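What follows is a short report on a single structure.
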Amino acid sequence: MIEMVAPMTPYERAIAAIQNEPIDELTASPLALALCRRLMPEKVTYREWATNPTLCAESFVKGVEHWKLPYTVTLIDLSITASMLGAHVRMDTENTPFVDDHIIHSMEDYEKIRCPDITKGRTGNLIEMNRELAPKIKGKSFNIAFLEGPLLTLTQAGGAERVFMDMFTDPAPVHKALEQTTQLCLNTCEKIAETGAEGFCWDYLWGNYSCLGDPEYAEFEGDKYAKKCNEKTRELGMGLGIHNCADLPHLDTQVKKFGVDMYSMAYYPLIPGSPTATEVIEGGYADKCLMMGNIDPQMFVRSSVEQITETTKNLCQEVKTALCKRGLNGRYCISSGCEVPPDLETKLENVTAVMDATHKYGAF
Amino acid sequence: MASTYFEAMRAHGFSYNTTAAVRKLQCPRCGFEFSLVYARTFACQGCSEAARGCPKVRCNKCDLEFPLQQSNDVHNAIQERTLADHMNNIIVQRNNDLGIVSNNR
């Protein structure tokens, strides 16, 4: 039975939702990340935002102030660790940075990968950004740092097709490279933990049945490399989160086996088998952790305020019904399935609409 | 191919063709699920067409060769062509990197 509780602050709600304690209303936290740069008083381009830790931290603070976000996930982009391994990253003025020149051209190249000094370069910027951000949102928003996982780091640096082919034919060098990418991840996690981040979210994108089955995922990430990252996160006293916007995520492995506190996922209605919020809750995954999802990120660009309000309303009702049936409190956060597109065309008012609609329809 | 999943992957820095290449498709005859990358690595390995922009894929289990357009992620001939060319570039580059000079086996 869900109890009525007094109004809470976003931070109190964030903590209570993770711990499955009674809350006044569902938490809502669309993954508005680079979008927050548009809340800055002066124009900040994506490139400036992604490369200037102070501007980046300031923009996240603006996001917390403007939308009262209970969770702040500090994802910049997914090319950070790959760039540290030497992959060339293309940085357009107003586009998400991405790798345009990979580093793997022979099997020997896997063995040449070495964990770099993470206090410099883009991971250095990421650490600095987290250091500036943490004290400013302390007690206001649950601060979750974000990093690519070991396998995603390698596929970003080496090219997904190439790495997958080599995984099939000659896995030993790939494993050697993964040892190094894991070390890169662990070192970065350790430094970020010193900044005061309360949670740490890993992007384990390849835990996806449409790409890798259980044995392959276990061999190349789950059983060894992700395990180390998860254990390190716990050891450092941070909440453990995973983001996976796959269409068919390895939920049993990533939620139940890994034992996470927060799990952010997407839903693709046109893909058979993509789990709905109800299926996720009925499947017992919200028993284990706070599930986050699953509004289509493109709605923030293409939909009207009325449409996204209606979608949020339906999701709130679906989630509350499923949680109630399962005997849970607020173990589902209304969020976007993936990052809210940081484009200049994305409607800021749609993020506001999701927050308002959750306040209205997500109340217990 | 323009599903929201492909858009999400694109936002992560993976092109449409990369996503389609690593995503599993289903053999229309035996139902086996495998990715284009997996097929090119094993079933198509000895075929010179794999390095010449072949628009087909061979099932690793039953050996059926079928057009990429029969995959759920490829909706028309242009997508089939661009995906085949993309995969061809990967194969040629990998062959060059690995010192495989003859594709005419």
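Labels for the structure tokens follow display order: chains A, B, ..., residues from 1 in each chain, ligands from 1.
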
Name all residues at most 9 Å from Arg58 (chain B) (count only C-alpha atoms; drop same-chain ones fewer than 6 positions away) and give them as a short mmCIF file (atom, residue, chain, number, x, y, z; two decimals) with N, CA and C atoms, in the first residue's frame.
data_model
loop_
_atom_site.label_atom_id
_atom_site.label_comp_id
_atom_site.auth_asym_id
_atom_site.auth_seq_id
_atom_site.Cartn_x
_atom_site.Cartn_y
_atom_site.Cartn_z
N CYS B 27 17.72 -15.05 -40.26
CA CYS B 27 17.72 -15.81 -41.51
C CYS B 27 16.27 -16.16 -41.86
N LEU B 36 25.50 -8.79 -39.42
CA LEU B 36 26.21 -8.72 -40.70
C LEU B 36 27.72 -8.84 -40.46
N ALA B 39 28.47 -12.47 -39.92
CA ALA B 39 28.40 -13.22 -41.19
C ALA B 39 29.64 -12.95 -42.04
N ARG B 40 30.02 -11.69 -42.13
CA ARG B 40 31.19 -11.34 -42.96
C ARG B 40 32.47 -11.95 -42.37
N ALA B 43 30.91 -16.66 -42.35
CA ALA B 43 30.25 -17.29 -43.50
C ALA B 43 30.74 -16.73 -44.83
N CYS B 44 31.06 -15.43 -44.85
CA CYS B 44 31.45 -14.79 -46.11
C CYS B 44 32.98 -14.72 -46.26
N LEU B 64 22.18 -20.13 -46.27
CA LEU B 64 21.34 -19.43 -47.24
C LEU B 64 21.91 -18.03 -47.49
N GLU B 65 21.96 -17.66 -48.75
CA GLU B 65 22.42 -16.33 -49.12
C GLU B 65 21.19 -15.51 -49.47
N PHE B 66 21.02 -14.38 -48.79
CA PHE B 66 19.82 -13.58 -49.07
C PHE B 66 20.17 -12.09 -49.09
N PRO B 67 19.38 -11.29 -49.82
CA PRO B 67 19.68 -9.85 -49.93
C PRO B 67 19.52 -9.14 -48.58
#

For a quick test of understanding: name the residues of chain A lying within 9 Å of chain B when counting only C-alpha atoms, and present them as a ChimeraX atom specification. /A:77-79,96-99,105-107,156,159-162,164-166,168-169,209-212,245-247,266-268,270-271,296-298,337-339,341

Closest of B:Val92, B:Cys54, B:Cys62, B:Ile100 to Glu80 (chain B) - atom-to-atom distances counting only C-alpha atoms: B:Cys54

Can you tell me, as number ranges by chain, which residues in region 158-209 of chain A count as alpha helix (DSSP H) by DSSP? A: 158, 160-169, 171-193

CA of Leu147 (chain A) to CA of Val163 (chain A), straight-line distance in Å: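 Calculated distance between CA of Val163 (chain A) and CA of Leu147 (chain A) is 19.7 Å.
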
Closest of A:Phe300, A:Tyr332, A:Phe364, A:Trp206 to Glu345 (chain A) - atom-to-atom distances counting only C-alpha atoms: A:Phe300

Could you give me, as an mmCIF file with C-alpha atoms, in the first residue's frame, the residues within 10 Å of Ser29 (chain A), counting only C-alpha atoms and dropping anything in the same chain fewer than 6 positions from it?
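around-v5.cif written:
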data_model
loop_
_atom_site.group_PDB
_atom_site.id
_atom_site.type_symbol
_atom_site.label_atom_id
_atom_site.label_comp_id
_atom_site.auth_asym_id
_atom_site.auth_seq_id
_atom_site.Cartn_x
_atom_site.Cartn_y
_atom_site.Cartn_z
ATOM 1 C CA PRO A 10 13.662 17.131 -5.019
ATOM 2 C CA ALA A 14 15.614 11.399 -5.066
ATOM 3 C CA VAL A 64 19.046 22.073 -11.367
ATOM 4 C CA TRP A 67 13.913 22.420 -13.536
ATOM 5 C CA LYS A 68 14.469 21.317 -9.928
ATOM 6 C CA LEU A 69 15.962 18.080 -11.191
ATOM 7 C CA PRO A 70 16.222 15.452 -8.442
ATOM 8 C CA TYR A 71 19.077 13.729 -10.282
ATOM 9 C CA THR A 72 21.913 15.365 -12.197
ATOM 10 C CA VAL A 73 23.691 13.015 -14.571
ATOM 11 C CA MET A 292 14.497 5.361 -15.052
ATOM 12 C CA GLY A 293 12.861 5.897 -18.410
ATOM 13 C CA CYS A 333 11.793 7.866 -12.318
ATOM 14 C CA ILE A 334 10.059 9.593 -15.221
ATOM 15 C CA SER A 335 12.919 10.339 -17.562
ATOM 16 C CA SER A 336 13.939 10.292 -21.182
ATOM 17 C CA VAL A 351 11.423 19.443 -20.426
ATOM 18 C CA VAL A 354 7.528 16.684 -18.304
ATOM 19 C CA MET A 355 8.436 18.081 -14.871
ATOM 20 C CA THR A 358 4.882 14.464 -13.315
#

Please give the complete set of residues from chain B that DSSP, run on the backbone, assigns to strand (DSSP E or B), formatted as number ranges by chain. B: 24-26, 33-35, 56-58, 65-67

Include N, CA and C atoms and write out the residues we just selected as a CSV table (one decimal), in the first residue's frame.
chain,number,residue,atom,x,y,z
B,24,LYS,N,21.7,-7.7,-34.9
B,24,LYS,CA,21.3,-9.1,-35.5
B,24,LYS,C,20.2,-9.0,-36.4
B,25,LEU,N,20.3,-9.8,-37.5
B,25,LEU,CA,19.2,-10.0,-38.4
B,25,LEU,C,18.8,-11.5,-38.4
B,26,GLN,N,17.7,-11.8,-39.0
B,26,GLN,CA,17.2,-13.2,-38.9
B,26,GLN,C,17.2,-13.8,-40.2
B,33,GLU,N,19.7,-16.1,-35.8
B,33,GLU,CA,20.0,-14.6,-35.6
B,33,GLU,C,21.5,-14.3,-35.6
B,34,PHE,N,21.9,-13.4,-36.4
B,34,PHE,CA,23.3,-13.1,-36.5
B,34,PHE,C,23.5,-11.7,-37.0
B,35,SER,N,24.6,-11.1,-36.8
B,35,SER,CA,24.8,-9.8,-37.3
B,35,SER,C,25.6,-9.9,-38.7
B,56,LYS,N,24.5,-8.9,-50.4
B,56,LYS,CA,23.8,-10.1,-49.8
B,56,LYS,C,24.5,-10.4,-48.5
B,57,VAL,N,23.9,-11.3,-47.8
B,57,VAL,CA,24.5,-11.8,-46.5
B,57,VAL,C,24.2,-13.3,-46.5
B,58,ARG,N,25.2,-14.1,-45.9
B,58,ARG,CA,25.0,-15.5,-45.9
B,58,ARG,C,24.8,-16.0,-44.4
B,65,GLU,N,22.0,-17.7,-48.8
B,65,GLU,CA,22.4,-16.3,-49.1
B,65,GLU,C,21.2,-15.5,-49.5
B,66,PHE,N,21.0,-14.4,-48.8
B,66,PHE,CA,19.8,-13.6,-49.1
B,66,PHE,C,20.2,-12.1,-49.1
B,67,PRO,N,19.4,-11.3,-49.8
B,67,PRO,CA,19.7,-9.8,-49.9
B,67,PRO,C,19.5,-9.1,-48.6
